[in-house]
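Q: Data: protein.txt, compact mmCIF, C-alpha atoms.
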# COMPACT_ATOMS: atom_id res chain seq x y z
CA MET A 945 50.12 82.92 49.05
CA ARG A 946 50.68 85.63 51.69
CA HIS A 947 54.11 86.18 53.24
CA ILE A 948 54.56 87.04 56.93
CA ALA A 949 58.02 87.89 58.18
CA CYS A 950 59.50 86.05 61.13
CA ALA A 951 60.64 89.33 62.64
CA GLN A 952 57.07 90.65 62.63
CA ILE A 953 55.86 87.58 64.50
CA ALA A 954 58.62 87.97 67.11
CA ASP A 955 57.66 91.62 67.61
CA ILE A 956 54.02 90.71 68.14
CA VAL A 957 54.80 87.89 70.58
CA ALA A 958 57.07 90.18 72.63
CA ARG A 959 54.33 92.78 72.91
CA LEU A 960 51.67 90.20 73.77
CA CYS A 961 53.83 88.73 76.54
CA ILE A 962 54.17 92.12 78.20
CA ASP A 963 50.54 93.18 77.67
CA ALA A 964 49.18 89.88 78.96
CA CYS A 965 51.21 90.11 82.16
CA TYR A 966 50.35 93.78 82.78
CA GLN A 967 46.70 93.98 81.72
CA LEU A 968 43.79 91.88 82.87
CA PRO A 969 41.37 91.17 79.99
CA PRO A 970 38.16 93.25 80.22
CA ASP A 971 35.96 90.15 80.54
CA VAL A 972 37.96 88.88 83.53
CA SER A 973 37.82 92.30 85.19
CA ALA A 974 34.05 92.43 84.65
CA ALA A 975 33.65 88.92 86.09
CA LEU A 976 35.58 89.91 89.21
CA ARG A 977 33.33 92.96 89.69
CA GLN A 978 30.27 90.75 89.33
CA ALA A 979 31.79 88.36 91.85
CA LEU A 980 32.13 91.25 94.31
CA ASP A 981 28.40 91.89 93.99
CA LYS A 982 27.62 88.19 94.55
CA GLU A 983 30.08 87.43 97.35
CA GLU A 984 28.35 87.16 100.73
CA SER A 985 31.43 86.91 102.95
CA PRO A 986 32.79 90.29 104.18
CA LEU A 987 36.32 88.87 104.09
CA GLY A 988 35.73 87.54 100.59
CA GLN A 989 34.47 90.95 99.50
CA ASP A 990 37.59 92.60 100.91
CA ILE A 991 39.83 90.16 99.03
CA LEU A 992 38.01 90.84 95.76
CA ARG A 993 38.44 94.59 96.30
CA GLN A 994 42.16 94.04 96.79
CA ILE A 995 42.33 91.97 93.60
CA LEU A 996 40.62 94.78 91.67
CA GLU A 997 42.91 97.37 93.27
CA ASN A 998 45.88 95.27 92.19
CA GLU A 999 44.56 95.38 88.63
CA THR A 1000 44.40 99.20 88.75
CA ILE A 1001 47.92 99.49 90.17
CA ALA A 1002 49.30 97.16 87.48
CA GLN A 1003 47.68 99.19 84.70
CA GLN A 1004 48.67 102.59 86.03
CA GLY A 1005 52.27 101.74 86.81
CA GLU A 1006 52.93 99.10 84.14
CA PHE A 1007 53.63 96.38 86.67
CA PRO A 1008 52.92 92.65 86.31
CA LEU A 1009 49.55 91.61 87.73
CA CYS A 1010 51.26 88.77 89.57
CA GLN A 1011 54.86 87.90 90.42
CA ASP A 1012 54.31 84.55 88.70
CA THR A 1013 54.42 85.61 85.06
CA GLY A 1014 53.98 82.03 84.00
CA TYR A 1015 55.12 79.49 81.50
CA THR A 1016 54.35 81.11 78.15
CA THR A 1017 51.81 79.11 76.18
CA VAL A 1018 51.22 80.21 72.59
CA PHE A 1019 48.28 79.15 70.43
CA LEU A 1020 48.66 79.66 66.68
CA GLU A 1021 45.95 79.53 64.04
CA LEU A 1022 47.99 79.44 60.87
CA GLY A 1023 46.20 80.05 57.59
CA GLN A 1024 47.09 77.43 55.01
CA GLU A 1025 47.83 80.20 52.50
CA VAL A 1026 50.46 81.82 54.75
CA HIS A 1027 54.17 81.46 54.10
CA ILE A 1028 56.49 82.35 57.00
CA VAL A 1029 59.65 83.97 55.65
CA GLY A 1030 62.93 85.00 57.22
CA GLY A 1031 63.23 82.29 59.85
CA ASP A 1032 61.82 79.27 61.64
CA LEU A 1033 58.32 79.85 63.04
CA GLU A 1034 58.94 78.33 66.48
CA GLN A 1035 62.25 80.12 66.79
CA CYS A 1036 60.47 83.39 65.92
CA ILE A 1037 58.07 82.81 68.78
CA ASN A 1038 60.80 81.97 71.25
CA ASP A 1039 62.71 85.07 70.17
CA GLY A 1040 59.60 87.10 70.95
CA VAL A 1041 59.12 85.45 74.34
CA ARG A 1042 62.78 86.03 75.20
CA ARG A 1043 62.53 89.72 74.33
CA GLY A 1044 59.16 90.25 75.99
CA TYR A 1045 60.25 88.76 79.30
CA ARG A 1046 63.49 90.76 79.19
CA ASP A 1047 62.00 94.12 78.19
CA GLY A 1048 58.95 93.74 80.41
CA TYR A 1049 61.06 92.81 83.45
CA LEU A 1050 58.97 89.67 83.83
CA ARG A 1051 60.01 86.79 86.07
CA LYS A 1052 61.64 83.91 84.23
CA SER A 1053 60.21 80.63 85.49
CA VAL A 1054 61.29 77.93 83.03
CA VAL A 1055 63.95 75.33 83.89
CA THR A 1056 66.02 73.43 81.34
CA ARG A 1057 65.26 69.94 82.66
CA PRO A 1058 62.47 68.67 84.91
CA PHE A 1059 65.11 66.51 86.64
CA PRO A 1060 67.67 66.01 88.05
CA GLU A 1061 69.04 69.57 87.87
CA ARG A 1062 66.41 72.27 87.49
CA VAL A 1063 68.49 75.11 86.04
CA ASN A 1064 66.63 78.26 84.96
CA THR A 1065 66.86 78.97 81.22
CA GLY A 1066 67.12 82.67 82.05
CA ASP A 1067 64.66 83.92 79.45
CA ASN A 1068 61.40 81.94 79.96
CA THR A 1069 61.95 79.91 76.80
CA PRO A 1070 61.11 77.55 75.28
CA ALA A 1071 57.45 78.43 74.96
CA ILE A 1072 54.76 75.76 74.76
CA ILE A 1073 53.41 76.14 71.22
CA TYR A 1074 50.24 74.68 69.73
CA THR A 1075 49.70 75.19 66.00
CA ARG A 1076 46.47 74.58 64.13
CA ILE A 1077 46.25 74.89 60.35
CA VAL A 1078 43.11 76.75 59.28
CA PRO A 1079 41.73 78.09 55.99
CA GLY A 1080 42.77 81.56 54.85
CA ASP A 1081 45.83 83.81 54.72
CA ARG A 1082 45.99 85.15 58.29
CA LEU A 1083 47.92 84.18 61.38
CA LYS A 1084 46.25 84.47 64.79
CA VAL A 1085 48.61 84.50 67.77
CA THR A 1086 47.32 84.04 71.32
CA VAL A 1087 49.71 84.27 74.26
CA MET A 1088 48.73 82.81 77.64
CA PRO A 1089 51.17 83.15 80.55
CA LYS A 1090 50.16 80.15 82.73
CA GLY A 1091 51.10 80.42 86.39
CA GLY A 1092 52.31 77.43 88.35
CA GLY A 1093 49.73 77.59 91.15
CA GLY A 1094 46.79 76.86 88.89
CA GLU A 1095 48.69 74.62 86.49
CA ASN A 1096 49.78 72.33 89.34
CA MET A 1097 46.13 71.61 90.09
CA SER A 1098 45.48 70.16 86.61
CA GLN A 1099 44.14 66.62 86.47
CA LEU A 1100 43.15 64.03 83.89
CA LYS A 1101 40.88 61.06 84.43
CA MET A 1102 39.88 58.35 82.01
CA LEU A 1103 36.36 57.69 83.21
CA PRO A 1104 34.48 54.55 82.25
CA PRO A 1105 31.67 55.65 79.91
CA SER A 1106 29.16 54.15 82.36
CA GLN A 1107 29.86 57.05 84.76
CA GLY A 1108 28.47 59.44 82.16
CA ARG A 1109 27.55 63.04 82.83
CA GLN A 1110 27.36 62.64 86.60
CA GLY A 1111 30.85 61.19 86.66
CA ILE A 1112 32.16 64.25 84.80
CA VAL A 1113 30.50 66.64 87.27
CA ASP A 1114 31.73 64.72 90.32
CA PHE A 1115 35.31 64.55 89.04
CA VAL A 1116 35.58 68.25 88.21
CA VAL A 1117 34.11 69.24 91.58
CA GLN A 1118 36.52 66.88 93.31
CA VAL A 1119 39.46 68.51 91.51
CA ALA A 1120 38.30 71.97 92.60
CA GLU A 1121 37.81 70.83 96.19
CA GLN A 1122 41.25 69.23 96.33
CA ALA A 1123 42.79 72.37 94.83
CA GLY A 1124 41.38 74.53 97.61
CA ALA A 1125 43.32 77.77 98.01
CA ASN A 1126 46.31 76.65 95.92
CA PRO A 1127 45.24 78.14 92.56
CA CYS A 1128 44.34 81.56 94.08
CA PRO A 1129 40.55 81.57 93.76
CA PRO A 1130 38.19 82.77 92.47
CA ILE A 1131 39.22 80.48 89.64
CA ILE A 1132 38.19 79.70 86.10
CA ILE A 1133 37.90 76.00 85.37
CA GLY A 1134 38.65 74.65 81.91
CA VAL A 1135 37.16 71.23 81.22
CA GLY A 1136 37.93 69.07 78.20
CA VAL A 1137 35.63 66.11 77.59
CA GLY A 1138 36.29 63.47 74.96
CA GLY A 1139 38.96 62.89 72.36
CA THR A 1140 41.96 61.09 73.80
CA ALA A 1141 43.96 61.67 76.98
CA GLU A 1142 46.12 64.43 75.51
CA LYS A 1143 43.26 65.94 73.51
CA ALA A 1144 41.10 66.29 76.62
CA MET A 1145 43.85 68.23 78.41
CA LEU A 1146 44.41 70.51 75.41
CA LEU A 1147 40.68 71.17 75.16
CA ALA A 1148 40.62 72.10 78.84
CA LYS A 1149 43.40 74.64 78.38
CA GLU A 1150 41.88 76.07 75.19
CA ALA A 1151 38.55 76.48 77.02
CA LEU A 1152 40.23 79.06 79.27
CA LEU A 1153 40.57 81.40 76.28
CA ARG A 1154 36.82 81.86 75.92
CA GLU A 1155 35.25 85.08 77.19
CA VAL A 1156 34.64 84.52 80.88
CA GLY A 1157 31.14 83.32 81.58
CA ARG A 1158 30.01 83.13 77.95
CA PRO A 1159 28.17 79.79 77.74
CA ASN A 1160 29.20 77.08 75.34
CA PRO A 1161 26.95 77.27 72.25
CA HIS A 1162 26.10 73.58 72.57
CA PRO A 1163 23.19 73.31 75.06
CA ASP A 1164 24.45 70.09 76.66
CA ASP A 1165 27.88 71.58 77.31
CA ALA A 1166 26.36 74.85 78.55
CA ALA A 1167 24.15 72.97 81.02
CA LEU A 1168 27.18 71.00 82.20
CA GLU A 1169 29.08 74.26 82.81
CA SER A 1170 26.20 75.66 84.84
CA ASP A 1171 25.81 72.55 87.01
CA ILE A 1172 29.53 72.28 87.75
CA LEU A 1173 29.79 75.99 88.61
CA ALA A 1174 26.92 75.73 91.09
CA ARG A 1175 28.50 72.71 92.76
CA VAL A 1176 31.95 74.31 92.95
CA ASN A 1177 30.64 77.55 94.44
CA ALA A 1178 28.70 75.55 97.02
CA LEU A 1179 32.02 74.23 98.35
CA GLY A 1180 32.52 77.45 100.32
CA ILE A 1181 36.23 77.77 99.50
CA GLY A 1182 35.79 81.40 98.49
CA PRO A 1183 38.26 84.09 97.40
CA GLN A 1184 41.85 83.09 98.20
CA GLY A 1185 40.48 80.01 99.98
CA LEU A 1186 39.36 82.00 103.06
CA GLY A 1187 35.69 81.15 102.74
CA GLY A 1188 32.87 82.59 100.71
CA THR A 1189 30.27 82.02 98.04
CA VAL A 1190 32.42 82.71 94.96
CA THR A 1191 35.05 80.02 94.49
CA ALA A 1192 34.87 80.03 90.68
CA LEU A 1193 34.09 82.81 88.25
CA ALA A 1194 33.19 80.39 85.46
CA VAL A 1195 33.41 76.85 84.15
CA HIS A 1196 34.22 76.48 80.45
CA VAL A 1197 33.69 73.14 78.76
CA LEU A 1198 34.93 71.99 75.36
CA SER A 1199 33.94 68.56 74.12
CA HIS A 1200 35.10 66.31 71.29
CA PRO A 1201 34.11 62.93 69.83
CA CYS A 1202 35.78 59.99 71.55
CA HIS A 1203 36.19 56.20 71.40
CA PHE A 1204 33.12 54.30 72.56
CA ALA A 1205 35.22 52.63 75.27
CA SER A 1206 36.54 55.92 76.69
CA LEU A 1207 35.38 59.03 78.49
CA PRO A 1208 38.46 61.24 78.96
CA VAL A 1209 38.01 64.30 81.19
CA GLY A 1210 40.75 66.90 81.54
CA VAL A 1211 40.64 69.75 84.05
CA VAL A 1212 42.90 72.81 83.90
CA ILE A 1213 42.45 75.51 86.52
CA GLN A 1214 43.24 79.16 85.96
CA CYS A 1215 43.75 81.61 88.82
CA HIS A 1216 41.78 84.86 89.15
CA SER A 1217 44.56 86.56 87.15
CA SER A 1218 43.44 84.90 83.93
CA ARG A 1219 45.86 86.49 81.48
CA HIS A 1220 45.91 86.15 77.72
CA LYS A 1221 46.24 88.45 74.74
CA GLU A 1222 45.85 87.86 71.01
CA ALA A 1223 46.74 89.48 67.70
CA LEU A 1224 45.79 88.82 64.09
CA LEU A 1225 48.39 89.19 61.36
Once more with this new file: its structure as C-alpha cells, please.

A:
Amino acid sequence: MRHIACAQIADIVARLCIDACYQLPPDVSAALRQALDKEESPLGQDILRQILENETIAQQGEFPLCQDTGYTTVFLELGQEVHIVGGDLEQCINDGVRRGYRDGYLRKSVVTRPFPERVNTGDNTPAIIYTRIVPGDRLKVTVMPKGGGGENMSQLKMLPPSQGRQGIVDFVVQVAEQAGANPCPPIIIGVGVGGTAEKAMLLAKEALLREVGRPNPHPDDAALESDILARVNALGIGPQGLGGTVTALAVHVLSHPCHFASLPVGVVIQCHSSRHKEALL
C-alpha cells in the first residue's frame, strides 16, 4: 500500500488549475497552426493568427488564455493500492481548486445554486470530480477548466438503434450547426456513443482529453470521427463563426457497449482554447 498525502494532492491541483488556464497544450497549438494552413478564408486566417498571438501573450505574461476560466472538472485515476492520508480526497481537490483560482487570479464562475438565487461561491468550488479505480499504486490527476460557451452547446440524444451510424453522424453535425459561433470555433467535438444516458455524456467529455487529431484506435470509431469532421467543416461556419473551411479541429469518439434497445449519443463541444493539464503522483 502506497500513501499519498492530501496536502500533496491539493498542491498539484492548484498548480494544474493555473497551468491549464495559462498554457495551451502543445497538441492544441499544433492543431491551430495546421488549421491556419488549411483555412481558405482570409478573415478566418486572420482570426487564427489572432488566436495564436493570444496564446503567445498568455505564455509570456502569465495571463489566462481566456477570461472564462471555466468550471473545474477533475478526472482521477486512483490506483487501488493507494491510500490517501491526511484528509478527505474530494476536499483535497477543492482546496487545490480554491487556491489555484485565488493565486492565479482566475475568474470564479461557479454559483451555489442553479436556482432561484445564483450566488457566486467566490472560489470556483466545488469542482466536478470523476474518480476511476485502476490497478497499481499511482494517482493520475487531470484538470480541465470547461468554459460555459462550449459546455452550453452540449446535447444528448437517445437514438433508436434503427438509425444506426448515419443517425449518429447526422445528430452530431446538427449539434455543431446549431452551436454556430457560440462555442468559439474552431472547436473540438467530443462524442460518446453507447452505454447509458449519463455514460454517453461522460464518454464525450473524456474524449476531449485525447491528443487533438489522434484517431481512435478502433477502426470503426476512427472512420466515424473522419466522416463527422468532414461534414462539420463543410458547414462553412469557420473560425469564430465568421465563415471559413475550418469549423472543427477534430472529432473524438469514445464508444461503449449498450442495451440492445438503446443507442445513446452524447456530444460535448470544446472551444479552440482546449485547456487541460495532468500530473502523475

Q: Of the candidates A:Gly1080, A:Gly1108, A:Gly1093, A:Pro1130, which one gets nearest to Ala975 in chain A if we count only C-alpha atoms?

A: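 Residue with the minimum atom-to-atom distance to Ala975 in chain A: A:Pro1130.
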
Q: What is the CA of Glu1150 in chain A to CA of Thr1000 in chain A distance in Å?

A: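 Pair CA of Glu1150 in chain A / CA of Thr1000 in chain A returns 26.9 Å.
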
Q: Each residue of range 1042-1108 of chain A lying at most 9 Å from range 954-972 of chain A should get a row with its shortest atom-to-atom pair and the distance in Å to one decimal, counting all atoms listed in the file; could you produce that, ordered by chain and increasing number, as JSON lines?

A:
{"residue": "A:Arg1042", "atom": "CA", "partner": "A:Ala958", "partner_atom": "CA", "distance": 7.5}
{"residue": "A:Arg1043", "atom": "CA", "partner": "A:Ala958", "partner_atom": "CA", "distance": 5.7}
{"residue": "A:Gly1044", "atom": "CA", "partner": "A:Ala958", "partner_atom": "CA", "distance": 4.0}
{"residue": "A:Tyr1045", "atom": "CA", "partner": "A:Cys961", "partner_atom": "CA", "distance": 7.0}
{"residue": "A:Asp1047", "atom": "CA", "partner": "A:Ile962", "partner_atom": "CA", "distance": 8.1}
{"residue": "A:Gly1048", "atom": "CA", "partner": "A:Ile962", "partner_atom": "CA", "distance": 5.5}
{"residue": "A:Tyr1049", "atom": "CA", "partner": "A:Ile962", "partner_atom": "CA", "distance": 8.7}
{"residue": "A:Leu1050", "atom": "CA", "partner": "A:Ile962", "partner_atom": "CA", "distance": 7.8}
{"residue": "A:Val1085", "atom": "CA", "partner": "A:Val957", "partner_atom": "CA", "distance": 7.6}
{"residue": "A:Thr1086", "atom": "CA", "partner": "A:Leu960", "partner_atom": "CA", "distance": 7.9}
{"residue": "A:Val1087", "atom": "CA", "partner": "A:Leu960", "partner_atom": "CA", "distance": 6.3}
{"residue": "A:Met1088", "atom": "CA", "partner": "A:Ala964", "partner_atom": "CA", "distance": 7.2}
{"residue": "A:Pro1089", "atom": "CA", "partner": "A:Cys965", "partner_atom": "CA", "distance": 7.1}

Q: With all atoms listed in the file as the basis for distance, which of A:Pro1183, A:Pro986, A:Pro1060, A:Gly1124 is at the shortest distance from Asn1096 in chain A?

A: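 With all atoms listed in the file as the atom set, the closest residue is A:Gly1124.
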
Q: Between A:Val1197, A:Val1212, A:Leu1173, A:Val1026, which has the minimum distance to Lys1084 in chain A (counting all atoms listed in the file)?

A: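 For Lys1084 in chain A, the nearest of the candidates is A:Val1026.
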
Q: Can you measure CA of Pro1070 in chain A to CA of His1196 in chain A for me? One decimal in Å is fine.

A: 27.4 Å

Q: Could you work out how far CA of Glu1169 in chain A lies from CA of Ala1194 in chain A, giving the answer in Å with one decimal?

A: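 Going from CA of Ala1194 in chain A over to CA of Glu1169 in chain A covers 7.8 Å.
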
Q: Pick from A:Leu1207, A:Ile953, A:Ile995, A:Val1156: nearest to Val1137 in chain A, with only C-alpha atoms counted?

A: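 The answer is A:Leu1207, which sits nearest to Val1137 in chain A.
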